[in-house]
Amino acid sequence: MLKNTFIIICLVILLSSAANADTGISVEAFYKNITLIDAKNQNGGGGTILIDMNSQTKAAFSGSYTAYKETSNIARKDFDVSYSHATYFIGILYEPPVEFLERHNFVWRNSLYGGYSRTEVKIEGLKDASAEDSGFAMALNTGIGYNLTQHIQLFADAGWQHSFYQGDLNDSNISGFQVFAGVRYSLSGSKSLEDY
């Protein structure tokens, strides 16, 4: 229910912002690695929709999915164990003006997110030992972007994410360091070459 409500709110904000023809809209696709303290080092990817609020600040709607599989020996028997972590975030991306970076087509990226996450730990053949939980999550990231063209930016970010759970994983620490690498493509908005 929380996930569906969050997605509906994001869509309403996105569609109302997109109604303004001058509003800049960009999309990002990224690779993600996150080292969750009690849910392993996971790899995956995701995407973000960005809506310009002004020349340096963007509203961000982001989702990602990561996973990891291993074989564990439990009571002298091997079991396949799979870990997964999904996030659905809304937040702010801020790119402050830094003259030295701008002269070389770089930008300093900073983002703060809040939203929903879901984590699952599945042990094949031991359903009672499996766990899943969902709840509020937040993330703080910083990184660097390179404006390759007027519409394309390559970026790398790093940061910290923390999930707050009250169910199966209440006693687990589902937080950790995360890194991203990806590309942004600007779909619309009024930008001049002087911006890069």
# chains A, B, ... in the order shown; residues from 1 in each chain; ligands from 1
call {"tool": "residues_around", "arguments": {"residues": "segment 153-157 of chain A", "least_positions_apart": "5", "cutoff": "12 Å", "atoms": "only C-alpha atoms", "output": "VMD selection string"}}
result
chain A and resid 26 to 34 93 105 to 111 139 to 148 177 to 186 196
call {"tool": "residues_around", "arguments": {"residues": "Asn41 of chain A", "least_positions_apart": "3", "cutoff": "12 Å", "atoms": "only C-alpha atoms", "output": "number ranges by chain"}}
result
A: 32-38, 44, 66-70, 82-85, 174-179
call {"tool": "residues_around", "arguments": {"residues": "Pro97 of chain A", "least_positions_apart": "2", "cutoff": "10 Å", "atoms": "only C-alpha atoms", "output": "PyMOL selection string"}}
result
chain A and resi 55-56+94-95+99-102+107-108
call {"tool": "write_last_selection", "arguments": {"atoms": "C-alpha atoms", "output": "short mmCIF file (atom, residue, chain, number, x, y, z; two decimals), in the first residue's frame"}}
result
data_model
loop_
_atom_site.label_atom_id
_atom_site.label_comp_id
_atom_site.auth_asym_id
_atom_site.auth_seq_id
_atom_site.Cartn_x
_atom_site.Cartn_y
_atom_site.Cartn_z
CA SER A 55 19.18 26.02 -13.06
CA GLN A 56 20.87 24.16 -10.18
CA TYR A 94 21.46 20.03 -6.30
CA GLU A 95 24.37 21.00 -8.55
CA GLU A 99 33.60 27.81 -11.35
CA PHE A 100 36.67 25.57 -11.64
CA LEU A 101 34.55 22.50 -12.42
CA GLU A 102 32.26 24.37 -14.84
CA VAL A 107 29.37 19.59 -12.15
CA TRP A 108 29.26 18.67 -8.46
#
call {"tool": "residues_around", "arguments": {"residues": "Asn173 of chain A", "least_positions_apart": "4", "cutoff": "12 Å", "atoms": "only C-alpha atoms", "output": "ChimeraX atom specification"}}
result
/A:35-40,119,161-166,168-169
call {"tool": "residues_around", "arguments": {"residues": "Gly114 of chain A", "least_positions_apart": "3", "cutoff": "9 Å", "atoms": "only C-alpha atoms", "output": "ChimeraX atom specification"}}
result
/A:88-91,136-139
call {"tool": "write_last_selection", "arguments": {"atoms": "N, CA, C and O atoms", "output": "compact mmCIF listing (two decimals), in the first residue's frame"}}
result
# COMPACT_ATOMS: atom_id res chain seq x y z
N TYR A 88 12.30 3.05 -4.01
CA TYR A 88 11.48 4.00 -4.75
C TYR A 88 11.58 5.32 -4.00
O TYR A 88 11.04 5.46 -2.90
N PHE A 89 12.30 6.28 -4.58
CA PHE A 89 12.63 7.52 -3.87
C PHE A 89 12.10 8.76 -4.56
O PHE A 89 11.98 8.80 -5.79
N ILE A 90 11.86 9.79 -3.76
CA ILE A 90 11.61 11.14 -4.24
C ILE A 90 12.61 12.03 -3.51
O ILE A 90 12.89 11.80 -2.33
N GLY A 91 13.17 13.01 -4.21
CA GLY A 91 14.17 13.83 -3.54
C GLY A 91 14.57 15.05 -4.35
O GLY A 91 13.89 15.46 -5.28
N PHE A 136 10.15 2.80 5.32
CA PHE A 136 10.74 4.07 4.94
C PHE A 136 12.25 3.92 4.78
O PHE A 136 12.89 3.17 5.51
N ALA A 137 12.80 4.64 3.81
CA ALA A 137 14.25 4.65 3.60
C ALA A 137 14.69 6.05 3.20
O ALA A 137 13.89 6.84 2.69
N MET A 138 15.97 6.34 3.42
CA MET A 138 16.52 7.61 3.00
C MET A 138 17.94 7.41 2.51
O MET A 138 18.60 6.43 2.86
N ALA A 139 18.39 8.35 1.67
CA ALA A 139 19.73 8.24 1.10
C ALA A 139 20.31 9.64 0.89
O ALA A 139 19.58 10.59 0.61
call {"tool": "decode", "arguments": {"residues": "segment 80-98 of chain A", "atoms": "N, CA and C atoms", "output": "mmCIF file, in the first residue's frame"}}
result
data_model
loop_
_atom_site.group_PDB
_atom_site.id
_atom_site.type_symbol
_atom_site.label_atom_id
_atom_site.label_comp_id
_atom_site.auth_asym_id
_atom_site.auth_seq_id
_atom_site.Cartn_x
_atom_site.Cartn_y
_atom_site.Cartn_z
ATOM 1 N N ASP A 80 20.862 -22.509 -1.556
ATOM 2 C CA ASP A 80 20.998 -21.276 -2.339
ATOM 3 C C ASP A 80 20.274 -20.155 -1.602
ATOM 4 N N VAL A 81 21.004 -19.067 -1.388
ATOM 5 C CA VAL A 81 20.452 -17.912 -0.675
ATOM 6 C C VAL A 81 20.481 -16.718 -1.629
ATOM 7 N N SER A 82 19.337 -16.043 -1.770
ATOM 8 C CA SER A 82 19.272 -14.852 -2.622
ATOM 9 C C SER A 82 18.853 -13.651 -1.787
ATOM 10 N N TYR A 83 19.522 -12.534 -2.049
ATOM 11 C CA TYR A 83 19.242 -11.263 -1.378
ATOM 12 C C TYR A 83 18.794 -10.271 -2.447
ATOM 13 N N SER A 84 17.801 -9.446 -2.141
ATOM 14 C CA SER A 84 17.398 -8.395 -3.076
ATOM 15 C C SER A 84 16.966 -7.156 -2.298
ATOM 16 N N HIS A 85 17.107 -6.007 -2.959
ATOM 17 C CA HIS A 85 16.791 -4.732 -2.313
ATOM 18 C C HIS A 85 16.254 -3.785 -3.395
ATOM 19 N N ALA A 86 15.051 -3.259 -3.205
ATOM 20 C CA ALA A 86 14.448 -2.324 -4.154
ATOM 21 C C ALA A 86 14.148 -1.012 -3.440
ATOM 22 N N THR A 87 14.333 0.101 -4.161
ATOM 23 C CA THR A 87 14.026 1.414 -3.593
ATOM 24 C C THR A 87 13.174 2.218 -4.566
ATOM 25 N N TYR A 88 12.301 3.049 -4.006
ATOM 26 C CA TYR A 88 11.480 3.998 -4.750
ATOM 27 C C TYR A 88 11.584 5.321 -3.999
ATOM 28 N N PHE A 89 12.300 6.283 -4.577
ATOM 29 C CA PHE A 89 12.633 7.517 -3.870
ATOM 30 C C PHE A 89 12.099 8.759 -4.563
ATOM 31 N N ILE A 90 11.857 9.791 -3.760
ATOM 32 C CA ILE A 90 11.614 11.141 -4.245
ATOM 33 C C ILE A 90 12.612 12.031 -3.507
ATOM 34 N N GLY A 91 13.173 13.010 -4.208
ATOM 35 C CA GLY A 91 14.167 13.835 -3.542
ATOM 36 C C GLY A 91 14.572 15.047 -4.350
ATOM 37 N N ILE A 92 15.712 15.593 -3.970
ATOM 38 C CA ILE A 92 16.262 16.801 -4.577
ATOM 39 C C ILE A 92 17.682 16.514 -5.042
ATOM 40 N N LEU A 93 17.995 16.922 -6.272
ATOM 41 C CA LEU A 93 19.371 16.881 -6.789
ATOM 42 C C LEU A 93 19.826 18.328 -6.924
ATOM 43 N N TYR A 94 20.934 18.658 -6.276
ATOM 44 C CA TYR A 94 21.460 20.026 -6.297
ATOM 45 C C TYR A 94 22.861 20.019 -6.890
ATOM 46 N N GLU A 95 23.068 20.868 -7.900
ATOM 47 C CA GLU A 95 24.373 21.003 -8.554
ATOM 48 C C GLU A 95 24.849 22.447 -8.358
ATOM 49 N N PRO A 96 25.556 22.732 -7.247
ATOM 50 C CA PRO A 96 25.970 24.108 -6.966
ATOM 51 C C PRO A 96 26.995 24.597 -7.988
ATOM 52 N N PRO A 97 27.000 25.905 -8.238
ATOM 53 C CA PRO A 97 27.989 26.434 -9.188
ATOM 54 C C PRO A 97 29.395 26.406 -8.581
ATOM 55 N N VAL A 98 30.295 25.710 -9.248
ATOM 56 C CA VAL A 98 31.711 25.675 -8.863
ATOM 57 C C VAL A 98 32.489 26.050 -10.122
#
